[in-house]
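The file run.txt comes next; it holds compact mmCIF, C-alpha atoms.
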# COMPACT_ATOMS: atom_id res chain seq x y z
CA MET A 2 55.39 -121.19 83.93
CA ARG A 3 51.98 -122.46 85.19
CA PRO A 4 49.83 -124.28 82.69
CA PRO A 5 46.48 -122.57 81.97
CA ARG A 6 43.46 -123.87 83.89
CA THR A 7 41.09 -125.72 81.63
CA GLY A 8 38.20 -126.54 83.98
CA PRO A 9 35.80 -124.19 85.79
CA PRO A 10 37.21 -122.40 88.85
CA PRO A 11 36.46 -124.10 92.15
CA PRO A 12 33.67 -122.53 94.20
CA ALA A 13 34.83 -120.24 96.97
CA SER A 14 32.37 -121.50 99.58
CA GLY A 15 31.47 -124.94 98.24
CA ARG A 16 28.50 -123.51 96.26
CA PRO A 17 28.74 -121.95 92.79
CA ARG A 18 27.98 -118.26 92.67
CA SER A 19 25.69 -118.78 89.69
CA ALA A 20 23.56 -121.21 91.69
CA ALA A 21 22.85 -118.49 94.25
CA VAL A 22 21.93 -115.96 91.59
CA ARG A 23 20.05 -118.22 89.23
CA PRO A 24 16.85 -118.76 91.33
CA ALA A 25 16.20 -115.01 91.65
CA ARG A 26 16.63 -114.53 87.92
CA ARG A 27 14.37 -117.49 87.21
CA THR A 28 11.67 -116.19 89.60
CA GLY A 29 11.69 -112.72 88.14
CA SER A 30 11.67 -113.88 84.58
CA GLY A 31 8.91 -116.41 85.40
CA LEU A 32 6.65 -113.73 86.88
CA LEU A 33 7.21 -111.40 83.95
CA ALA A 34 6.63 -114.27 81.57
CA ARG A 35 3.32 -115.16 83.24
CA VAL A 36 2.18 -111.54 83.18
CA LYS A 37 3.20 -111.23 79.55
CA ALA A 38 1.49 -114.50 78.65
CA GLY A 39 -1.75 -113.42 80.34
CA ARG A 40 -1.72 -109.81 79.18
CA TRP A 41 -4.94 -110.29 77.23
CA SER A 42 -6.65 -111.63 80.34
CA TYR A 43 -5.69 -108.49 82.27
CA LEU A 44 -6.88 -106.38 79.37
CA TYR A 45 -10.27 -108.10 79.37
CA LEU A 46 -10.56 -107.59 83.13
CA THR A 47 -9.81 -103.87 82.91
CA PRO A 48 -13.42 -102.73 82.13
CA PHE A 49 -14.75 -104.81 85.03
CA VAL A 50 -12.17 -103.38 87.44
CA LEU A 51 -12.95 -99.83 86.31
CA LEU A 52 -16.69 -100.35 86.72
CA VAL A 53 -16.24 -101.85 90.21
CA ALA A 54 -14.00 -98.95 91.18
CA ALA A 55 -16.41 -96.34 89.81
CA PHE A 56 -19.72 -97.79 91.03
CA THR A 57 -18.70 -99.74 94.16
CA LEU A 58 -15.42 -98.64 95.70
CA TYR A 59 -15.82 -94.90 95.10
CA PRO A 60 -19.43 -94.72 96.44
CA ILE A 61 -18.36 -96.60 99.58
CA GLY A 62 -15.50 -94.19 100.22
CA ALA A 63 -17.67 -91.16 99.45
CA SER A 64 -20.45 -92.38 101.74
CA LEU A 65 -17.98 -92.79 104.56
CA VAL A 66 -17.06 -89.11 104.15
CA TYR A 67 -20.73 -88.07 104.00
CA THR A 68 -21.39 -89.66 107.40
CA LEU A 69 -19.51 -86.73 108.95
CA PHE A 70 -21.77 -84.08 107.39
CA GLN A 71 -25.38 -83.01 107.47
CA TRP A 72 -26.13 -82.89 103.76
CA ASN A 73 -29.23 -83.04 101.60
CA GLY A 74 -27.41 -84.34 98.52
CA VAL A 75 -27.32 -81.00 96.65
CA GLY A 76 -24.01 -79.31 96.06
CA SER A 77 -21.02 -80.13 98.22
CA PRO A 78 -21.32 -81.08 101.90
CA SER A 79 -20.23 -78.22 104.13
CA HIS A 80 -22.06 -78.60 107.47
CA TYR A 81 -19.62 -80.76 109.42
CA VAL A 82 -21.22 -82.60 112.36
CA GLY A 83 -18.59 -85.25 113.12
CA LEU A 84 -20.05 -88.40 114.70
CA ALA A 85 -23.41 -86.80 115.49
CA ASN A 86 -25.12 -88.81 112.74
CA PHE A 87 -23.99 -92.08 114.30
CA ARG A 88 -25.25 -90.96 117.72
CA GLN A 89 -28.63 -90.13 116.17
CA VAL A 90 -28.80 -93.55 114.54
CA ILE A 91 -28.11 -95.28 117.84
CA HIS A 92 -30.87 -93.33 119.60
CA ASP A 93 -33.40 -93.44 116.73
CA HIS A 94 -36.28 -95.73 117.73
CA VAL A 95 -37.52 -95.91 114.12
CA PHE A 96 -34.19 -97.39 113.05
CA TRP A 97 -34.37 -100.04 115.77
CA ARG A 98 -37.98 -100.77 114.90
CA SER A 99 -36.95 -101.34 111.30
CA PHE A 100 -34.05 -103.42 112.57
CA GLY A 101 -36.50 -105.59 114.51
CA HIS A 102 -38.69 -106.06 111.42
CA THR A 103 -35.61 -107.11 109.43
CA PHE A 104 -34.73 -109.77 111.98
CA GLN A 105 -38.35 -110.89 112.19
CA TYR A 106 -38.32 -111.34 108.42
CA THR A 107 -35.09 -113.35 108.64
CA LEU A 108 -35.91 -115.49 111.67
CA VAL A 109 -39.26 -116.56 110.23
CA LEU A 110 -38.39 -116.82 106.53
CA VAL A 111 -35.09 -118.71 106.70
CA PRO A 112 -36.18 -121.77 108.78
CA LEU A 113 -39.50 -122.18 106.99
CA GLN A 114 -38.01 -121.71 103.55
CA LEU A 115 -35.08 -124.08 104.14
CA LEU A 116 -37.38 -126.75 105.55
CA LEU A 117 -39.75 -126.44 102.59
CA ALA A 118 -36.87 -126.38 100.09
CA LEU A 119 -35.32 -129.50 101.65
CA VAL A 120 -38.60 -131.45 101.53
CA LEU A 121 -39.24 -130.44 97.91
CA ALA A 122 -35.65 -131.27 96.94
CA VAL A 123 -35.94 -134.77 98.39
CA VAL A 124 -39.22 -135.32 96.53
CA LEU A 125 -37.96 -133.91 93.22
CA ASN A 126 -34.71 -135.87 93.45
CA ASN A 127 -36.64 -139.13 93.30
CA LYS A 128 -35.76 -140.81 89.99
CA LYS A 129 -39.17 -142.45 89.84
CA LEU A 130 -40.99 -139.11 89.82
CA ARG A 131 -42.32 -138.27 86.38
CA PHE A 132 -42.01 -134.71 84.99
CA SER A 133 -39.53 -133.82 87.74
CA THR A 134 -37.77 -131.36 85.41
CA PHE A 135 -41.05 -129.54 84.82
CA TYR A 136 -41.74 -129.31 88.56
CA ARG A 137 -38.25 -127.95 89.19
CA SER A 138 -38.82 -125.24 86.60
CA VAL A 139 -42.16 -124.31 88.16
CA PHE A 140 -40.66 -123.91 91.64
CA PHE A 141 -37.62 -122.03 90.35
CA LEU A 142 -39.62 -119.63 88.15
CA PRO A 143 -40.37 -117.06 90.92
CA ALA A 144 -36.65 -116.75 91.67
CA VAL A 145 -36.01 -115.65 88.07
CA MET A 146 -38.53 -112.80 88.24
CA SER A 147 -37.64 -109.43 89.72
CA PRO A 148 -38.84 -108.92 93.32
CA ALA A 149 -40.12 -105.49 92.30
CA ILE A 150 -42.36 -107.02 89.61
CA ILE A 151 -43.59 -109.64 92.05
CA ALA A 152 -44.39 -106.90 94.57
CA VAL A 153 -46.39 -104.95 91.97
CA VAL A 154 -48.38 -108.03 91.00
CA PHE A 155 -49.20 -108.99 94.59
CA GLN A 156 -50.07 -105.41 95.45
CA LEU A 157 -52.58 -105.31 92.62
CA MET A 158 -53.96 -108.72 93.58
CA LEU A 159 -54.41 -107.90 97.25
CA SER A 160 -55.81 -104.44 96.50
CA ASN A 161 -58.30 -105.49 93.81
CA PHE A 162 -59.13 -109.01 94.93
CA GLY A 163 -58.55 -108.76 98.66
CA ASP A 164 -62.29 -108.86 99.40
CA SER A 165 -62.68 -112.00 97.31
CA ILE A 166 -59.78 -113.68 99.12
CA ASN A 167 -61.34 -112.72 102.45
CA ALA A 168 -64.68 -114.14 101.34
CA TRP A 169 -63.09 -117.46 100.35
CA LEU A 170 -61.20 -117.72 103.63
CA ILE A 171 -64.28 -116.85 105.70
CA LYS A 172 -66.36 -119.32 103.74
CA GLY A 173 -63.75 -122.01 104.42
CA HIS A 174 -63.86 -121.13 108.15
CA LEU A 175 -60.19 -120.09 108.09
CA MET A 176 -61.00 -116.52 109.20
CA HIS A 177 -63.83 -114.84 111.06
CA HIS A 178 -63.62 -111.26 109.74
CA GLN A 179 -62.31 -109.18 106.85
CA VAL A 180 -58.59 -108.38 106.77
CA ASP A 181 -56.85 -105.50 105.03
CA TRP A 182 -53.79 -107.48 103.97
CA LEU A 183 -51.48 -104.54 103.24
CA GLY A 184 -53.18 -101.94 105.44
CA ASP A 185 -53.38 -103.75 108.76
CA PRO A 186 -50.23 -103.21 110.89
CA HIS A 187 -50.73 -106.63 112.48
CA THR A 188 -50.79 -108.63 109.22
CA VAL A 189 -48.70 -106.69 106.70
CA MET A 190 -45.34 -108.07 107.84
CA TRP A 191 -46.60 -111.65 107.66
CA VAL A 192 -47.80 -111.03 104.11
CA VAL A 193 -44.35 -109.72 103.19
CA ILE A 194 -42.73 -112.81 104.75
CA ALA A 195 -45.05 -115.21 102.89
CA ILE A 196 -44.31 -113.52 99.55
CA GLY A 197 -40.59 -113.54 100.34
CA ILE A 198 -40.65 -117.28 101.01
CA TRP A 199 -42.37 -117.93 97.69
CA ASN A 200 -40.05 -115.57 95.81
CA THR A 201 -36.65 -116.96 96.86
CA LEU A 202 -37.57 -120.60 97.43
CA GLY A 203 -36.14 -121.66 94.07
CA TYR A 204 -32.55 -120.75 94.94
CA ASN A 205 -32.41 -122.93 98.04
CA LEU A 206 -34.26 -125.71 96.22
CA VAL A 207 -31.57 -125.82 93.52
CA TYR A 208 -28.79 -125.77 96.13
CA PHE A 209 -30.33 -128.70 98.00
CA LEU A 210 -30.83 -130.62 94.76
CA ALA A 211 -27.15 -130.14 93.93
CA GLY A 212 -26.22 -131.36 97.40
CA LEU A 213 -28.45 -134.44 97.12
CA GLN A 214 -26.96 -135.39 93.78
CA SER A 215 -23.45 -135.22 95.27
CA ILE A 216 -24.24 -137.96 97.84
CA PRO A 217 -22.88 -141.31 96.56
CA GLU A 218 -25.60 -143.77 95.60
CA GLU A 219 -23.58 -146.57 97.22
CA LEU A 220 -24.44 -145.20 100.65
CA TYR A 221 -28.17 -145.65 100.00
CA GLU A 222 -27.54 -149.15 98.61
CA ALA A 223 -25.55 -150.09 101.70
CA ALA A 224 -28.31 -148.72 103.92
CA SER A 225 -30.90 -150.78 102.02
CA LEU A 226 -28.82 -153.93 102.50
CA ASP A 227 -28.76 -153.19 106.24
CA GLY A 228 -32.57 -153.03 106.22
CA ALA A 229 -32.89 -149.25 106.64
CA GLY A 230 -36.20 -147.68 105.71
CA ALA A 231 -36.89 -144.36 104.01
CA TRP A 232 -36.77 -142.36 107.24
CA SER A 233 -33.56 -144.06 108.40
CA LYS A 234 -31.90 -143.32 105.06
CA PHE A 235 -32.95 -139.69 105.28
CA TRP A 236 -31.74 -139.33 108.87
CA HIS A 237 -28.48 -141.27 108.66
CA VAL A 238 -27.45 -140.74 105.01
CA THR A 239 -29.15 -137.68 103.52
CA LEU A 240 -28.80 -135.23 106.41
CA PRO A 241 -25.11 -136.02 107.11
CA GLY A 242 -24.40 -135.76 103.39
CA LEU A 243 -26.06 -132.33 103.25
CA ARG A 244 -24.30 -130.92 106.31
CA GLU A 245 -21.69 -128.93 104.37
CA VAL A 246 -24.13 -127.70 101.73
CA GLY A 247 -26.79 -126.97 104.34
CA LEU A 248 -24.48 -124.72 106.34
CA MET A 249 -23.60 -122.72 103.25
CA ILE A 250 -27.27 -122.45 102.28
CA LEU A 251 -28.12 -121.24 105.77
CA PHE A 252 -25.29 -118.72 105.57
CA LEU A 253 -26.39 -117.32 102.19
CA ALA A 254 -30.11 -117.32 103.02
CA THR A 255 -29.51 -115.41 106.25
CA LEU A 256 -27.40 -112.72 104.59
CA GLY A 257 -29.86 -112.39 101.71
CA SER A 258 -32.83 -112.01 104.06
CA LEU A 259 -31.08 -109.38 106.17
CA GLN A 260 -30.62 -107.29 103.01
CA VAL A 261 -34.25 -107.37 101.84
CA PHE A 262 -35.27 -104.11 100.20
CA ASP A 263 -37.01 -104.02 96.82
CA LEU A 264 -39.84 -106.38 97.77
CA VAL A 265 -40.80 -104.30 100.82
CA GLN A 266 -40.21 -100.93 99.15
CA VAL A 267 -42.51 -101.66 96.20
CA LEU A 268 -45.10 -103.71 98.08
CA THR A 269 -45.69 -101.53 101.15
CA GLY A 270 -43.11 -98.76 101.20
CA GLY A 271 -42.54 -99.68 104.84
CA GLY A 272 -46.10 -98.83 105.84
CA PRO A 273 -48.56 -98.56 107.26
CA TYR A 274 -47.05 -96.46 110.03
CA TYR A 275 -43.64 -98.13 109.58
CA SER A 276 -45.12 -101.49 110.58
CA SER A 277 -43.33 -103.22 107.68
CA SER A 278 -40.28 -100.98 107.44
CA VAL A 279 -36.93 -102.78 107.22
CA VAL A 280 -33.49 -101.24 107.59
CA ASN A 281 -32.85 -100.81 103.88
CA THR A 282 -36.20 -99.09 103.22
CA TYR A 283 -35.53 -96.86 106.22
CA ILE A 284 -32.12 -95.88 104.82
CA TYR A 285 -33.61 -95.29 101.38
CA GLN A 286 -36.33 -93.00 102.71
CA GLU A 287 -33.84 -91.04 104.81
CA ALA A 288 -31.50 -90.61 101.83
CA PHE A 289 -34.18 -89.50 99.36
CA GLY A 290 -36.73 -87.93 101.68
CA GLY A 291 -40.19 -88.95 102.81
CA GLY A 292 -39.27 -90.77 106.02
CA LEU A 293 -39.41 -89.75 109.65
CA SER A 294 -36.74 -87.35 110.81
CA ALA A 295 -33.93 -88.62 112.99
CA GLY A 296 -35.43 -89.58 116.31
CA GLY A 297 -38.93 -89.87 114.84
CA ALA A 298 -39.82 -86.25 115.64
CA GLY A 299 -41.77 -85.72 112.43
CA ILE A 300 -41.98 -86.31 108.70
CA ASN A 301 -38.67 -85.68 106.99
CA VAL A 302 -39.47 -84.52 103.47
CA GLN A 303 -35.89 -83.34 102.86
CA PRO A 304 -33.19 -85.85 101.99
CA ASN A 305 -30.67 -86.51 104.73
CA VAL A 306 -27.79 -88.19 102.94
CA GLY A 307 -25.34 -87.87 105.82
CA PHE A 308 -27.67 -89.54 108.31
CA ALA A 309 -28.62 -92.25 105.80
CA SER A 310 -24.93 -92.97 105.14
CA ALA A 311 -24.28 -93.26 108.87
CA ALA A 312 -27.22 -95.64 109.26
CA SER A 313 -25.97 -97.68 106.32
CA PHE A 314 -22.46 -98.02 107.75
CA PHE A 315 -23.79 -98.81 111.20
CA TYR A 316 -25.99 -101.57 109.79
CA GLY A 317 -23.08 -102.77 107.67
CA LEU A 318 -21.00 -103.21 110.82
CA ILE A 319 -23.80 -105.27 112.36
CA LEU A 320 -23.96 -107.48 109.25
CA MET A 321 -20.18 -107.84 109.34
CA VAL A 322 -20.31 -109.05 112.94
CA ILE A 323 -23.03 -111.56 112.02
CA THR A 324 -21.04 -112.73 108.99
CA VAL A 325 -17.83 -113.22 110.98
CA SER A 326 -19.75 -115.07 113.71
CA GLN A 327 -21.28 -117.43 111.16
CA ALA A 328 -17.90 -118.00 109.51
CA LEU A 329 -16.27 -118.80 112.87
CA LEU A 330 -19.11 -121.14 113.76
CA LEU A 331 -18.77 -122.91 110.41
CA ARG A 332 -15.01 -123.22 110.88
CA ARG A 333 -15.41 -124.63 114.38
CA MET A 334 -17.96 -127.20 113.20
CA ARG A 335 -15.64 -128.30 110.41
CA ALA A 336 -12.69 -128.61 112.79
CA ARG A 337 -14.77 -130.64 115.25
CA ARG A 338 -16.00 -132.94 112.48
CA ASN A 339 -12.49 -133.43 111.10
CA ALA A 340 -11.22 -134.22 114.60
CA ALA A 341 -13.98 -136.78 115.10
CA ARG A 342 -13.21 -138.29 111.69
CA GLY A 343 -9.53 -138.55 112.60
CA VAL A 344 -10.37 -140.33 115.84
CA ARG A 345 -12.56 -142.85 113.99
CA GLU A 346 -9.87 -143.50 111.39
CA GLY A 347 -7.26 -143.93 114.13
CA GLN A 348 -9.38 -146.58 115.80

Whole structure, structure tokens version:
Amino acid sequence: MRPPRTGPPPPASGRPRSAAVRPARRTGSGLLARVKAGRWSYLYLTPFVLLVAAFTLYPIGASLVYTLFQWNGVGSPSHYVGLANFRQVIHDHVFWRSFGHTFQYTLVLVPLQLLLALVLAVVLNNKKLRFSTFYRSVFFLPAVMSPAIIAVVFQLMLSNFGDSINAWLIKGHLMHHQVDWLGDPHTVMWVVIAIGIWNTLGYNLVYFLAGLQSIPEELYEAASLDGAGAWSKFWHVTLPGLREVGLMILFLATLGSLQVFDLVQVLTGGGPYYSSSVVNTYIYQEAFGGGLSAGGAGINVQPNVGFASAASFFYGLILMVITVSQALLLRRMRARRNAARGVREGQ
């Protein structure tokens, strides 16, 4: 008679069966354990997810459906037109005029604002400057205020005190004749750009200040020991140290400028004669009435939600292309810089 086996049975294939099963059980139990441990976190996130779904995801999906209909926003859409709204957007000269104003706003505002924000950040980052905290608050204050409120204030100022401003400028030999700041098609867009620069300057100023404070002080000390002056330190230490932050600031400022709406809508409404209209004000007026009809044939007093949705999605695709292009450019610059850094370290 064989004696009973006291030890564990030998593995059939050199590997215990339990070892093959154990990792799956451990993974499943670990995931369930993490979900169970963070159940209160998911519960707290539930209202946010529901609000995003109700006020962001659902409107986007519904607007995509509305692009296929000619609909004034009352009742249910029933007049199916297919892709006709997109064809009208492509051939609408008012849309492209508003598109040009949007890019004019961006191409002028972003470089000037970033340059001004960088100069102010370098000055305010000086430790020897007294009351620097107060100056930072003063420059950041316009960014805290609503653009709509700022537009109302400037509209009242330029409407009630425009003649006085003209008189001061003429007396100072800066102008030769009176200017209707918000009524002249040749000047209204430049007024909007100037107010936009002042309004959003604080954001970029804070970003640049954060970038300056992340540059190690040892680099400036080493540059001083090498006999570098203020301009050499700025060119060889400050600018390279701000390259990463500067690219992100440029990225955010460009996207924010391309989506300008409330400042223009309250300040000028896109007028006069659509000379300050941007894409978002154009879409707003088409959706709620009061703008030119598709193709600019006449005044459209009836809402055209389907056409406005098509214009919104078409412009969204353009912004998406710009965003992807900027992201690819940023990625390529980072890869080139890392490659150059690897070559230097290898030497």

Could you name the residues that touch A:Ser278 at 7 Å or less, counting only C-alpha atoms, but leaving out those on the same chain fewer than 5 positions away, as a list in words?
->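 Residues meeting the cut-off are Ser99, His102, Gly271, Gly272 and Tyr283 of chain A.
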
Nearby residues, (-21.3, -98.0, 112.6) file frame, 10 Å, all atoms listed in the file, as a PyMOL selection string = chain A and resi 68+84+86-88+90-91+310-319

Point out the residue among A:Leu69, A:Asp227, A:Tyr45, A:Pro273 with the least atom-to-atom distance to A:Asp185, counting all atoms listed in the file.
->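 For A:Asp185, the nearest of the candidates is A:Pro273.
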
Contact residues around stretch 155-161 of chain A with all atoms listed in the file at 9 Å, ignoring same-chain residues under 6 positions, as number ranges by chain = A: 181-183, 196, 267-269

Figure out the distance between atom CA of A:Phe135 and atom CA of A:Val192, please, to one decimal in Å.
->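 Straight-line distance from atom CA of A:Val192 to atom CA of A:Phe135 works out to 27.6 Å.
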
Which value, in Å to one decimal, gives the distance between atom CA of A:Arg244 and atom CA of A:Val145?
-> 26.5 Å

Restricting the calculation to all atoms listed in the file, which member of A:Ser277, A:Leu320, A:Ile151, A:Val36 is positioned closest to A:Thr188?
->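 Ranked by minimum distance to A:Thr188, first place goes to A:Ser277.
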
From atom CA of A:Gly290 to atom CA of A:Val66 the spacing works out at 19.9 Å

Go through stretch 16-113 of chain A and flag each residue having an atom no more than 12 Å from stretch 305-308 of chain A; for those, report the closest pair of atoms plus their distance in Å to one decimal, using only C-alpha atoms, ordered by chain and rising number, as a Markdown table.
| residue | atom | partner | partner_atom | distance |
| --- | --- | --- | --- | --- |
| A:Ala63 | CA | A:Gly307 | CA | 10.5 |
| A:Ser64 | CA | A:Gly307 | CA | 7.8 |
| A:Leu65 | CA | A:Gly307 | CA | 8.9 |
| A:Val66 | CA | A:Gly307 | CA | 8.5 |
| A:Tyr67 | CA | A:Gly307 | CA | 5.0 |
| A:Thr68 | CA | A:Gly307 | CA | 4.6 |
| A:Leu69 | CA | A:Gly307 | CA | 6.7 |
| A:Phe70 | CA | A:Gly307 | CA | 5.4 |
| A:Gln71 | CA | A:Gly307 | CA | 5.1 |
| A:Trp72 | CA | A:Gly307 | CA | 5.4 |
| A:Asn73 | CA | A:Asn305 | CA | 4.9 |
| A:Gly74 | CA | A:Val306 | CA | 5.9 |
| A:Val75 | CA | A:Val306 | CA | 9.6 |
| A:Gly76 | CA | A:Val306 | CA | 11.9 |
| A:Ser77 | CA | A:Val306 | CA | 11.5 |
| A:Pro78 | CA | A:Gly307 | CA | 8.8 |
| A:Ser79 | CA | A:Gly307 | CA | 11.0 |
| A:His80 | CA | A:Gly307 | CA | 10.0 |
| A:Tyr81 | CA | A:Gly307 | CA | 9.8 |
| A:Val82 | CA | A:Gly307 | CA | 9.4 |
| A:Gly83 | CA | A:Gly307 | CA | 10.3 |
| A:Leu84 | CA | A:Phe308 | CA | 10.0 |
| A:Ala85 | CA | A:Phe308 | CA | 8.8 |
| A:Asn86 | CA | A:Phe308 | CA | 5.2 |
| A:Phe87 | CA | A:Phe308 | CA | 7.5 |
| A:Arg88 | CA | A:Phe308 | CA | 9.8 |
| A:Gln89 | CA | A:Phe308 | CA | 7.9 |
| A:Val90 | CA | A:Phe308 | CA | 7.5 |
| A:Ile91 | CA | A:Phe308 | CA | 11.1 |
| A:Asp93 | CA | A:Phe308 | CA | 10.9 |
| A:Phe96 | CA | A:Phe308 | CA | 11.3 |

Within 12 Å of A:Ala211, counting all atoms listed in the file, which residues qualify if same-chain residues fewer than 3 places away don't, as a list in words?
->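 The residues that qualify are Leu119, Ala122, Val123, Leu125, Asn126, Tyr204, Asn205, Leu206, Val207, Tyr208, Gln214, Ser215, Ile216, Gly242, Leu243, Glu245, Val246, Gly247 and Ile250 of chain A.
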
A:Ile61, A:Ile171, A:Leu256, A:Ile166: which is nearest A:Met321, counting all atoms listed in the file?
->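 Of all the options, A:Leu256 lies closest to A:Met321.
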
Smallest atom-to-atom distance to A:Leu253: which of A:Trp169, A:Ser138, A:Gln327, A:Tyr59, using all atoms listed in the file?
-> A:Gln327

Which is closer to A:Phe262 than all the others in A:Met190, A:Ala149, A:Val53, A:Leu121, using all atoms listed in the file?
->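 Counting all atoms listed in the file, the residue closest to A:Phe262 is A:Ala149.
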
Between A:Ser276, A:Thr107, A:Ser225, A:Thr239, which has the minimum distance to A:Gly184 (counting only C-alpha atoms)?
-> A:Ser276

Skip A:Pro148 itself and residues of its chain fewer than 2 positions away, then list as a list in words all residues within 8 Å of it, counting all atoms listed in the file.
-> Met146, Ile150, Ile151, Ala152, Asn200, Asp263 and Leu264 of chain A

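The shell of residues at most 12 Å from A:Gln105, with only C-alpha atoms counted and near chain neighbours (fewer than 6 positions) removed, consists of A:Arg98, A:Ser99, A:Val111, A:Pro112, A:Met190, A:Trp191, A:Val193, A:Ile194, A:Thr255, A:Ser258, A:Leu259, A:Val261, A:Ser276, A:Ser277, A:Ser278, A:Val279, A:Val280.
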